[in-house]
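**Student:** Just dropping this structure here.
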Protein chains: 2
Amino acid sequence: MSDDATAFVPGHVTGFFSAHPADDPAVAGSRGAGLTLSHGVTVTVEPAPETTVSLDGEAVEMPPVADVLRSLGVTATVDAESDLPLGAGFGVSGAMALGTALAANAVFACGRSENELVTLAHVAEVRAGTGLGDVVAQARGGMPVRVEPGAPAHGRMDGVPARPEIEYVAFGGLSTADVLSGDTTTLTAAGETALEALRAEPTLDRFVAESRRFARDAGLLTGGRVETAIDDVRAAGGDGSMAMLGETVFAVGTGLSDAGYDPERCRVHPAGATLRSE
Amino acid sequence: MSDDATAFVPGHVTGFFSAHPADDPAVAGSRGAGLTLSHGVTVTVEPAPETTVSLDGEAVEMPPVADVLRSLGVTATVDAESDLPLGAGFGVSGAMALGTALAANAVFACGRSENELVTLAHVAEVRAGTGLGDVVAQARGGMPVRVEPGAPAHGRMDGVPARPEIEYVAFGGLSTADVLSGDTTTLTAAGETALEALRAEPTLDRFVAESRRFARDAGLLTGGRVETAIDDVRAAGGDGSMAMLGETVFAVGTGLSDAGYDPERCRVHPAGATLRSE
């Protein structure tokens with residue numbers, strides 16, 4: 001048994017989605033598409049008599065992380081360092097759950113496969129109501145398309161073959177749990193339409209265009225800073241949309257800089273979540 | 001349409017496998033497990049009036065590459081640069097087919113999804129008889145486990161969550177086509193046994209141990225340099241096995257150096273095949 005182990009999990013911005021609840025949390029999930037980001041979360045797990053979780057040095061309550069450790073039958077100190085804000089649509093809670101699963105499996109020699117670890121983290125996220133599709137996307141990397149919902153034994157993934165630079169600005173948070181616990185009929189219809197269009201033309205441009213249409217049709221663009229920023233990016237000749245679910249705008253290339261914003265810059269990440277090399 | 005596009009595809013060493021032929025080349029494939037390597041093949045595709053293919057600056061006949069371009073309805077100059085020897089069990093032909101598919105899709109704006117591109121390359125490899133499982137493994141990265149054979153719509157993958165350093169020595173080549181066209185009954189039985197054992201304990205150590213057992217049981221260790229090198233690695237306290245199918249030995253960590261060999265060094269690659277960022 002090593003002293004500790006560390007995993008890196010890319011951030012994940014969902015552009016559009018449809019919600020697919022189910023009694024079995026491994027079957028539940030979302031269909032949709034997004035971008036994994038080179039900005040992400042680095043999670044270090046060290047055995048300890050009781051479980052504590054910190055994010056950027058501060059103690060946090062993170063039910064999916066505790067759930068993953070319970071499922072593995074271990075207790076540990078989990079320290080996460082994130083490039084990304086929590087609750088702003090970057091999949092930070094999914095990243096913490098998945099990074100914990102990978103690192104704990106290594107440090108405690110649990111002997112689980114990658115699909116088993118992804119399943120543990122996905123189930124923990126679904127149970128906590130903090131996400132439906134981030135974990136499977138973060139396990140894959142690139143520009144993941146969730147063709148069928150659920151953990152690896154149930155879901156099916158594809159990808160858009162593009163690795164662009166991405167800029168983003170996070171104005172604030174939206175509660176995933178609040179949106180997902182409301183009526184998701186309109187949202188899901190818009191998400192299914194967007195997915196069909198993207199699968200017919202799996203390109204970066206189509207992804208961004210369908211993400212914008214989804215945000216509007218699902219009623220999530222409500223005339224605030226997000227909508228203004230997207231309009232500004234388009235007026236400057238770029239393209240972007242809203243991160244689901246956060247008060248966050250992403251743009252391709254230098255779209256936000258060109259529109260006069262002061263964004264964070266990263267890339268689409270080529271890989272899924274991975275143990276840091278020893 | 002860009003002037004050219006470039007993709008990187010990791011090398012892939014199969015440790016053990018079972019062959020699963022089928023009339024439909026998208027359904028045909030292999031089950032088994034292997035290592036993707038940070039040493040790989042960089043493929044650049046540029047539109048041209050007729051298709052030519054080079055590897056490390058020399059013109060080569062590479063039927064899977066020509067097949068991929070034909071399937072996409074394009075002609076191009078394909079230039080590949082490889083860290084790895086051809087025909088020695090590193091999946092160079094699969095890497096060239098998959099890299100060509102990704103780069104050609106980008107340069108010609110073919111609008112295919114990642115699964116569609118992996119399928120084109122897999123089908124081309126199967127048709128040419130040069131491989132059954134390298135392409136799907138190289139699309140995934142890490143330590144891929146081929147749970148069910150075939151292209152993405154048919155196959156199923158898992159992974160061993162480990163990213164060790166790897167050393168290898170390539171003594172020479174074996175013809176994949178010759179081995180796969182012979183009687184594969186014994187080989188396939190040994191491969192199925194190894195896969196079952198690895199799935200029960202998906203760890204690096206188990207992978208190497210099952211790979212060694214497979215090489216012996218399938219009758220591929222014939223008292224030559226490969227068998228001697230594996231014995232030397234084990235005598236020096238390390239562990240390693242044979243690359244399927246090549247006269248090549250791989251070892252974990254510094255296993256071959258410790259045994260007095262002068263190996264190449266790389267790592268398990270964290271990502272699958274990817275377009276080089278523009």
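Residues in the structure tokens are named by chain (A, B, ... in the order shown) and by number from 1 within that chain; ligands are numbered from 1 in the order shown.
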Give me, as a list in words, the contact residues of chain B against chain A at a cut-off of 6 Å, counting only C-alpha atoms.
**Tutor:** Gly111, Ser113, Glu114, Asn115, Asp158, Gly159, Val160, Pro161, Arg163, Glu201, Pro202, Ala271 and Ser277 of chain B
**Student:** Would you write out those residues with all heavy atoms, as a compact mmCIF listing (two decimals), in the first residue's frame?
**Tutor:**
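Contents of out-v4.txt, as written:
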```txt
# COMPACT_ATOMS: atom_id res chain seq x y z
N GLY B 111 -16.71 15.33 -41.38
CA GLY B 111 -17.84 15.35 -40.47
C GLY B 111 -18.20 14.02 -39.86
O GLY B 111 -19.36 13.76 -39.55
N SER B 113 -17.91 11.21 -36.69
CA SER B 113 -17.68 11.20 -35.24
C SER B 113 -16.44 10.35 -34.92
O SER B 113 -15.93 9.61 -35.78
CB SER B 113 -18.89 10.61 -34.51
OG SER B 113 -18.92 9.20 -34.65
N GLU B 114 -15.98 10.42 -33.68
CA GLU B 114 -14.81 9.61 -33.31
C GLU B 114 -15.10 8.12 -33.45
O GLU B 114 -14.27 7.37 -33.97
CB GLU B 114 -14.35 9.97 -31.89
CG GLU B 114 -13.73 11.36 -31.87
CD GLU B 114 -13.13 11.79 -30.54
OE1 GLU B 114 -13.49 11.20 -29.50
OE2 GLU B 114 -12.33 12.74 -30.54
N ASN B 115 -16.27 7.67 -33.02
CA ASN B 115 -16.59 6.24 -33.18
C ASN B 115 -16.60 5.84 -34.66
O ASN B 115 -16.16 4.73 -35.01
CB ASN B 115 -17.95 5.92 -32.57
CG ASN B 115 -17.92 5.88 -31.04
OD1 ASN B 115 -16.87 6.07 -30.44
ND2 ASN B 115 -19.06 5.63 -30.44
N ASP B 158 -12.82 -2.00 -21.18
CA ASP B 158 -12.62 -1.58 -19.80
C ASP B 158 -11.13 -1.19 -19.72
O ASP B 158 -10.47 -1.10 -20.77
CB ASP B 158 -12.98 -2.72 -18.83
CG ASP B 158 -13.20 -2.25 -17.40
OD1 ASP B 158 -12.86 -1.08 -17.08
OD2 ASP B 158 -13.71 -3.04 -16.59
N GLY B 159 -10.62 -0.94 -18.53
CA GLY B 159 -9.21 -0.59 -18.42
C GLY B 159 -8.66 -0.96 -17.07
O GLY B 159 -9.40 -1.05 -16.08
N VAL B 160 -7.35 -1.20 -17.03
CA VAL B 160 -6.64 -1.41 -15.77
C VAL B 160 -6.14 -0.03 -15.32
O VAL B 160 -5.44 0.65 -16.08
CB VAL B 160 -5.45 -2.37 -15.96
CG1 VAL B 160 -4.63 -2.48 -14.67
CG2 VAL B 160 -5.93 -3.74 -16.43
N PRO B 161 -6.51 0.41 -14.11
CA PRO B 161 -6.14 1.75 -13.68
C PRO B 161 -4.71 1.84 -13.18
O PRO B 161 -4.47 1.96 -11.99
CB PRO B 161 -7.16 2.06 -12.58
CG PRO B 161 -7.55 0.73 -12.03
CD PRO B 161 -7.38 -0.28 -13.14
N ARG B 163 -0.61 3.42 -14.64
CA ARG B 163 0.11 4.19 -15.66
C ARG B 163 1.61 4.06 -15.44
O ARG B 163 2.31 5.05 -15.25
CB ARG B 163 -0.29 5.68 -15.60
CG ARG B 163 -1.77 5.95 -15.86
CD ARG B 163 -2.15 5.67 -17.29
NE ARG B 163 -3.56 5.93 -17.56
CZ ARG B 163 -4.52 4.99 -17.47
NH1 ARG B 163 -4.22 3.76 -17.13
NH2 ARG B 163 -5.77 5.32 -17.77
N GLU B 201 -9.19 -9.65 -11.31
CA GLU B 201 -8.19 -8.87 -10.56
C GLU B 201 -7.51 -7.91 -11.53
O GLU B 201 -6.41 -8.19 -12.02
CB GLU B 201 -7.17 -9.84 -9.93
CG GLU B 201 -6.20 -9.15 -8.98
CD GLU B 201 -5.09 -10.10 -8.52
OE1 GLU B 201 -5.32 -11.33 -8.51
OE2 GLU B 201 -3.99 -9.61 -8.20
N PRO B 202 -8.16 -6.78 -11.83
CA PRO B 202 -7.65 -5.89 -12.89
C PRO B 202 -6.50 -5.01 -12.41
O PRO B 202 -6.65 -3.81 -12.22
CB PRO B 202 -8.88 -5.07 -13.29
CG PRO B 202 -9.75 -5.08 -12.08
CD PRO B 202 -9.47 -6.35 -11.34
N ALA B 271 -3.80 8.90 -22.80
CA ALA B 271 -4.89 9.26 -23.71
C ALA B 271 -4.93 8.33 -24.91
O ALA B 271 -3.93 7.69 -25.25
CB ALA B 271 -4.70 10.69 -24.20
N SER B 277 -3.31 19.47 -31.43
CA SER B 277 -3.97 20.77 -31.28
C SER B 277 -3.48 21.72 -32.36
O SER B 277 -2.29 21.75 -32.66
CB SER B 277 -3.63 21.35 -29.91
OG SER B 277 -3.98 20.43 -28.91
```
**Student:** Give me the residues within 9 Å of B:Tyr168 as a PyMOL selection string, counting only C-alpha atoms and dropping any in the same chain fewer than 5 places off.
**Tutor:** chain B and resi 248-252+256+262-266
**Student:** So, counting only C-alpha atoms, which residue among A:Gly255, A:Gly133, A:Gly237, A:Gly94 is closest to A:Asp67?
**Tutor:**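 For A:Asp67, the nearest of the given residues is A:Gly94.
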**Student:** If you run DSSP on this backbone, which residues of stretch 224-271 of chain B come out as strand (DSSP E or B), and could you give them as a ChimeraX atom specification?
**Tutor:** /B:240-242,244,246-252,264-268
**Student:** For the structure I just gave you, how does DSSP split stretch 39-98 of chain B - specifically, which residues are alpha helix (DSSP H)? Reply as a count of residues only.
**Tutor:** 17
